[in-house]
Structures are given as C-alpha cells and as structure tokens.
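Novice: Please see the structure below; I have some questions.
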Amino acid sequence: MDTVIHVPTPFQVGAVNSYLLGDTLIDAGPHTANALDILRKEVDFKSIKNILITHGHVDHHGIAFYLKKVSNCRVFVHKDDFLAVSDFEEKLLMNLEKYKEFLENAGIPREIILGFERFYTNYRRYGENCEAETLEDEFETVMGVLKVIHTPGHTPGSCCFLLGETLYSGDTLLSHISTNPSVHALFDERCGLKTFQRSLERIQGLPITEVLPGHGKKIEDHKKRIQEILEEHKKRREKVINCLKKDPQPLLMITKKVFGEVPISEIILALAECYDHLRVLEKEGVVTSSDSYFFSLP
Ligand SMILES: [Zn+2]
Ligand SMILES: [Zn+2]
C-alpha cells in the first residue's frame with residue numbers, strides 16, 4: 001500500500017498529494033515551512049531513495065532539492081520538464097517574459113501586468129534548482145514496476161505513473177478542478193487543449209481501477225471523469241463561439257464574456273484558455289482573426 005501525504009501549499013489549488021511507495025516518493029510539494037513540517041511527520045527522509053516528479057510545477061517539485069540534500073536521493077522528471085526542475089529560477093523568469101509579452105499584445109493594462117508580474121515572481125520563493133535525471137519508460141520500485149506514461153498538455157513533460165491498476169495522475173486528471181492545458185501552450189506547441197485531450201483519451205483506454213491525482217480525492221470512475229472534462233471543453237468552446245455571433249471581438253472582451261471578472265492570479269489562465277480555443281477554432285476554419293488577438297466568425 002502506498003501512503004498519501006497531503007502536503008500543504010500556499011496556492012489556490014490547495015494541498016498537493018504526495019505518494020510514498022516504499023523508498024520512492026511521487027511528487028514532493030513546495031518548499032515552505034508548513035510543507036516540510038508535514039513531510040517530516042509522515043516520512044523518514046533518510047529512507048527516501050527516489051523522488052518521481054509528475055510535472056515541472058513548483059507545487060509538485062519545489063521542495064525536492066531540499067529532500068535530495070538531506071536524504072541523498074535521486075530525483076526524476078520527464079525530459080520535456082527537465083529544465084523546469086533543474087533550472088527552475090531561470091525557466092520561471094523566461095516564462096514570465098513570454099507571459100508579459102502575451103498580456104501586452106492582448107491589450108491588458110500595464111498596472112494589471114505589473115500586478116501579475118509581482119504575483120508570478122513570488123513563485124520563486126517556493127523552490128530551488130534541483131539536480132535531476134530524466135525518466136525512462138519504466139521505473140522499478142519496491143512495490144513493483146511503474147510504467148511511465150507521457151501525458152503532455154498541462155506541461156510538455158507531464159507524466160502519469162501506472163502501477164498495476166492504479167494510476168498516479170499528477171495534474172493531468174483531477175477529481176474536482178479542471179486542469180489548465182493552455183498556459184504553457186502560449187509559447188510551447190507541445191502543450192494545449194488538443195494535446196491534452198489526446199492524453200486524456202489515452203488514459204481513458206488504460207485498464208485502471210483507481211486514479212490517485214496530484215490534488216484532491218481519488219477518482220474511482222476515470223472514464224466518467226474524463227467524459228465530464230471533455231464535455232466542459234465543448235461547452236467552453238460553444239461559449240467562445242457565441243461571443244462572436246454579433247460582432248468581431250478582441251481576445252480580452254471574449255475572455256471577459258466567458259469568465260467574467262477574474263482576479264490577477266487567474267488572468268493568465270482565463271486569457272490563455274480562450275486563446276487556445278480560438279486558435280483551435282481558427283485552424284478548423286470556424287473562426288478567423290484579423291490580427292492574432294482580434295477574432296470574428298467568417
Ligand atoms: Zn501543474
Ligand atoms: Zn498542481
């Protein structure tokens with residue numbers, strides 16, 4: 001049996017689920033005093049030999065560098081998320097520049113961009129660069145061989161781990177919130193709605209009886225949950241199309257109509273998701289754009 005540790009995070013998403021399989025930890029949590037307290041209570045650090053990171057987001061890997069220091073364990077992540085873990089700070093700042101450029105181009109007022117920048121640079125506090133190795137197709141643990149299933153979308157290197165009929169799904173499949181596949185897609189073609197949907201369809205076909213996600217409760221009926229998510233995507237897509245029924249609209253207006261007013265912490269999520277839908281619709285010939293941020297129905 002694995003042990004689940006609910007590692008607290010300072011983020012909106014709530015605690016991260018870290019799973020202990022003998023001497024191997026799946027995901028670690030962010031680098032905060034609270035996270036460390038909980039991990040220390042639940043895990044004998046000296047006994048950890050490996051940490052597997054489901055994807056390169058700081059709520060999942062931030063404290064790995066510290067655990068590696070105290071336990072001398074090895075840390076593994078998919079090659080496409082490698083830099084997000086090993087070069088955490090630089091990658092974070094590089095991404096910030098790209099987000100800012102996108103927000104400027106989308107016509108977001110300067111003070112909101114500055115607010116976003118302050119919020120985003122804060123992430124630096126929750127992790128440090130961690131020396132890592134890349135995951136292979138399989139990983140041997142004391143509880144059996146884990147199959148590494150590459151499920152890009154949310155990030156380019158997102159992975160799920162299959163042990164028997166149990167799937168450890170990271171943020172790729174969650175029970176209570178919808179995963180955002182669109183933010184990384186702003187500058188990385190290996191992510192986005194379409195890729196993410198393919199990853200979900202791949203999971204749908206796996207012979208699994210339970211899914212243990214990176215946040216929230218376990219999922220008993222993964223096929224049903226995936227169907228729900230795909231339906232949500234469809235509904236959002238219809239909403240985006242409906243915004244354009246009367247007049248052509250800039251991305252910012254479309255986003256406001258679809259999501260209403262959103263807090264600064266979520267502005268990039270909302271804009272990126274609408275933009276992702278619009279680009280898919282454009283490729284399908286459903287929508288046209290006069291410049292990249294102004295859309296209409298043909
Ligand atoms: Zn994530
Ligand atoms: Zn997460």
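Naming scheme: A, B, ... for chains in displayed order of the structure tokens; residues 1 onward per chain; ligands 1 onward as shown.
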Counting only C-alpha atoms and all ligand atoms, name the residues that have an atom within 10 Å of an atom of ligand 2; the answer should be given as a PyMOL selection string.
Specialist: chain A and resi 9+11-17+27+29+54-61+154+170-172+174+179+213-215
Novice: If you keep N, CA and C atoms, can you produce a file of those selected residues as a compact mmCIF listing (two decimals), in the first residue's frame?
Specialist:
# COMPACT_ATOMS: atom_id res chain seq x y z
N THR A 9 0.07 23.71 0.48
CA THR A 9 0.71 24.70 -0.41
C THR A 9 0.07 26.06 -0.14
N PHE A 11 -0.92 27.92 -2.41
CA PHE A 11 -1.62 28.25 -3.65
C PHE A 11 -3.11 27.93 -3.56
N GLN A 12 -3.84 28.60 -4.43
CA GLN A 12 -5.29 28.44 -4.53
C GLN A 12 -5.73 26.98 -4.64
N VAL A 13 -4.92 26.17 -5.31
CA VAL A 13 -5.28 24.78 -5.61
C VAL A 13 -5.36 23.90 -4.35
N GLY A 14 -4.74 24.37 -3.25
CA GLY A 14 -4.76 23.58 -2.00
C GLY A 14 -3.60 22.61 -1.92
N ALA A 15 -3.75 21.59 -1.07
CA ALA A 15 -2.64 20.67 -0.80
C ALA A 15 -2.27 19.84 -2.04
N VAL A 16 -1.02 19.46 -2.09
CA VAL A 16 -0.55 18.53 -3.11
C VAL A 16 -0.54 17.14 -2.48
N ASN A 17 -0.98 16.14 -3.24
CA ASN A 17 -0.88 14.76 -2.77
C ASN A 17 0.48 14.21 -3.15
N ASP A 27 5.99 12.97 -6.33
CA ASP A 27 5.79 14.39 -6.04
C ASP A 27 6.18 14.71 -4.59
N GLY A 29 5.96 18.45 -3.15
CA GLY A 29 5.36 19.63 -2.53
C GLY A 29 6.24 20.84 -2.75
N THR A 54 5.80 14.34 -11.20
CA THR A 54 4.82 14.16 -12.28
C THR A 54 4.94 15.25 -13.35
N HIS A 55 5.29 16.47 -12.92
CA HIS A 55 5.50 17.55 -13.88
C HIS A 55 6.18 18.73 -13.21
N GLY A 56 6.73 19.61 -14.05
CA GLY A 56 7.60 20.66 -13.53
C GLY A 56 6.90 21.89 -12.99
N HIS A 57 5.91 21.71 -12.14
CA HIS A 57 5.31 22.85 -11.44
C HIS A 57 5.77 22.85 -10.00
N VAL A 58 5.97 24.07 -9.48
CA VAL A 58 6.65 24.21 -8.19
C VAL A 58 5.85 23.60 -7.02
N ASP A 59 4.51 23.53 -7.15
CA ASP A 59 3.75 22.90 -6.05
C ASP A 59 4.07 21.40 -5.95
N HIS A 60 4.61 20.83 -7.01
CA HIS A 60 4.93 19.40 -7.02
C HIS A 60 6.43 19.10 -6.78
N HIS A 61 7.29 20.03 -7.23
CA HIS A 61 8.72 19.70 -7.13
C HIS A 61 9.52 20.64 -6.23
N HIS A 154 -0.90 19.74 -20.01
CA HIS A 154 -0.80 20.70 -18.91
C HIS A 154 0.61 21.30 -18.89
N GLY A 170 -0.85 12.94 -11.31
CA GLY A 170 -0.35 14.33 -11.23
C GLY A 170 -1.48 15.31 -11.45
N ASP A 171 -1.26 16.33 -12.27
CA ASP A 171 -2.33 17.31 -12.55
C ASP A 171 -3.07 16.99 -13.85
N THR A 172 -2.70 15.89 -14.50
CA THR A 172 -3.33 15.59 -15.79
C THR A 172 -4.79 15.20 -15.61
N LEU A 174 -7.70 15.35 -12.57
CA LEU A 174 -8.06 15.74 -11.20
C LEU A 174 -9.55 15.53 -11.00
N THR A 179 -8.02 20.92 -15.13
CA THR A 179 -6.61 21.19 -15.40
C THR A 179 -6.51 22.22 -16.53
N PRO A 213 -4.79 11.31 -7.89
CA PRO A 213 -4.36 12.56 -8.53
C PRO A 213 -3.40 13.38 -7.66
N GLY A 214 -2.84 14.43 -8.27
CA GLY A 214 -1.90 15.32 -7.59
C GLY A 214 -2.57 16.27 -6.61
N HIS A 215 -3.88 16.46 -6.74
CA HIS A 215 -4.65 17.26 -5.78
C HIS A 215 -6.02 16.59 -5.61
Novice: Can you check which residues of stretch 146-287 of chain A DSSP gives as strand (DSSP E) on the backbone and send them as number ranges by chain?
Specialist: A: 146-150, 159-163, 166-170, 210-213, 249-250
Novice: Can you list, as a ChimeraX atom specification, every residue of stretch 66-219 of chain A that DSSP puts in helix (DSSP H, G or I)?
Specialist: /A:66-71,79-86,88-105,110-126,184-186,193-204
Novice: Neighbouring residues of A:Val287 were defined as those with any atom within 7 Å, considering only C-alpha atoms; residues of the same chain fewer than 2 positions away were excluded. Please report them as an mmCIF file with C-alpha atoms, in the first residue's frame.
Specialist:
data_model
loop_
_atom_site.group_PDB
_atom_site.id
_atom_site.type_symbol
_atom_site.label_atom_id
_atom_site.label_comp_id
_atom_site.auth_asym_id
_atom_site.auth_seq_id
_atom_site.Cartn_x
_atom_site.Cartn_y
_atom_site.Cartn_z
ATOM 1 C CA LEU A 281 -11.354 27.115 -33.947
ATOM 2 C CA GLU A 282 -9.264 29.150 -36.373
ATOM 3 C CA GLY A 285 -11.994 27.328 -40.138
ATOM 4 C CA SER A 289 -8.638 36.595 -36.971
ATOM 5 C CA PHE A 295 -11.461 37.372 -33.813
ATOM 6 C CA SER A 296 -14.638 37.053 -35.856
ATOM 7 C CA LEU A 297 -16.887 34.464 -37.428
ATOM 8 C CA PRO A 298 -16.329 34.185 -41.190
#
Novice: Would you work out the distance separating atom CA of A:Ile63 from atom CA of A:Glu210, expressed in Å to one decimal?
Specialist: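 Interatomic distance, atom CA of A:Ile63 to atom CA of A:Glu210: 26.9 Å.
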Novice: Would you mind listing what lies within 12 Å of A:Val280 as a ChimeraX atom specification, with only C-alpha atoms counted and same-chain residues fewer than 5 positions away left out?
Specialist: /A:182,185,192-195,233-234,237,240-241,273-275,285-289
Novice: Need the shell around stretch 72-85 of chain A: protein/DNA/RNA residues with any atom at most 6 Å away, counting only C-alpha atoms. Skip same-chain ones fewer than 3 positions apart. Format as a PyMOL selection string?
Specialist: chain A and resi 49-53+56+68-69+88+91+130+132-135+156-157
Novice: Please determine, counting only C-alpha atoms and all ligand atoms, which residue among A:Leu93, A:Leu269, A:Ile208, A:Ile38 has the shortest atom-to-atom distance to ligand 1.
Specialist: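 Closest to ligand 1 of all the choices is A:Leu269.
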Novice: So that I can check the surroundings of A:Lys223, please list as a compact mmCIF listing (two decimals) with N, CA and C atoms, in the first residue's frame every protein, DNA and RNA residue that reaches within 12 Å of it, counting only C-alpha atoms and ignoring chain neighbours fewer than 5 positions away.
Specialist:
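Here's the written file result03.txt:
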# COMPACT_ATOMS: atom_id res chain seq x y z
N LEU A 173 -5.10 14.47 -14.54
CA LEU A 173 -6.50 14.12 -14.28
C LEU A 173 -6.80 14.39 -12.80
N SER A 175 -9.94 15.31 -9.72
CA SER A 175 -11.34 14.98 -9.47
C SER A 175 -12.22 16.21 -9.40
N LEU A 200 -5.81 12.61 -22.42
CA LEU A 200 -6.96 12.09 -21.64
C LEU A 200 -7.54 10.85 -22.32
N GLU A 201 -7.63 10.91 -23.64
CA GLU A 201 -8.17 9.75 -24.37
C GLU A 201 -7.27 8.53 -24.17
N ARG A 202 -5.97 8.80 -24.08
CA ARG A 202 -5.03 7.70 -23.85
C ARG A 202 -5.27 7.08 -22.47
N ILE A 203 -5.50 7.93 -21.48
CA ILE A 203 -5.76 7.43 -20.12
C ILE A 203 -7.08 6.66 -20.09
N GLN A 204 -8.05 7.17 -20.84
CA GLN A 204 -9.38 6.53 -20.87
C GLN A 204 -9.27 5.07 -21.29
N GLY A 205 -8.33 4.77 -22.14
CA GLY A 205 -8.19 3.41 -22.64
C GLY A 205 -7.37 2.49 -21.75
N LEU A 206 -6.86 3.00 -20.64
CA LEU A 206 -6.00 2.16 -19.78
C LEU A 206 -6.86 1.27 -18.86
N PRO A 207 -6.36 0.08 -18.57
CA PRO A 207 -7.10 -0.82 -17.67
C PRO A 207 -6.88 -0.46 -16.21
N ILE A 208 -7.51 0.63 -15.75
CA ILE A 208 -7.26 1.07 -14.38
C ILE A 208 -8.53 1.05 -13.53
N THR A 209 -8.34 0.82 -12.23
CA THR A 209 -9.49 0.79 -11.34
C THR A 209 -9.53 2.01 -10.42
N GLU A 210 -8.39 2.69 -10.27
CA GLU A 210 -8.41 3.92 -9.48
C GLU A 210 -7.34 4.87 -9.97
N VAL A 211 -7.67 6.17 -9.82
CA VAL A 211 -6.71 7.20 -10.20
C VAL A 211 -6.39 8.01 -8.95
N GLU A 228 -16.60 13.96 -18.48
CA GLU A 228 -17.03 15.26 -17.93
C GLU A 228 -16.11 16.38 -18.40
N ILE A 229 -14.81 16.13 -18.32
CA ILE A 229 -13.84 17.17 -18.70
C ILE A 229 -13.98 17.51 -20.18
N LEU A 230 -14.11 16.48 -21.02
CA LEU A 230 -14.24 16.73 -22.45
C LEU A 230 -15.54 17.51 -22.75
Novice: Find the residues near A:Gly22: any atom within 8 Å, counting only C-alpha atoms, skip ones fewer than 2 places away on the same chain, and give them as a PyMOL selection string.
Specialist: chain A and resi 2+20+24-25+141-143
Novice: Calculated over only C-alpha atoms and all ligand atoms, which of the candidates A:Gly62, A:Gly107, A:Gly260, A:Pro250 has the smallest distance to ligand 1?
Specialist: A:Gly62
Novice: Using only C-alpha atoms and all ligand atoms, can you tell me which of A:Thr121, A:Leu114, A:Ser178, A:Ser47 comes closest to ligand 1?
Specialist: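 Comparing A:Thr121, A:Leu114, A:Ser178, A:Ser47 against ligand 1, the winner is A:Ser178.
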Novice: Counting only C-alpha atoms and all ligand atoms, which residue out of A:Lys217, A:Arg279, A:His184, A:Lys224 sits closest to ligand 1?
Specialist: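 Ranking A:Lys217, A:Arg279, A:His184, A:Lys224 by distance to ligand 1, first place goes to A:His184.
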Novice: I'd like to know which of A:Ile267, A:Cys159, A:Ile113, A:Ile149 is closest to ligand 1, using only C-alpha atoms and all ligand atoms.
Specialist: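 Closest to ligand 1 of all the choices is A:Cys159.
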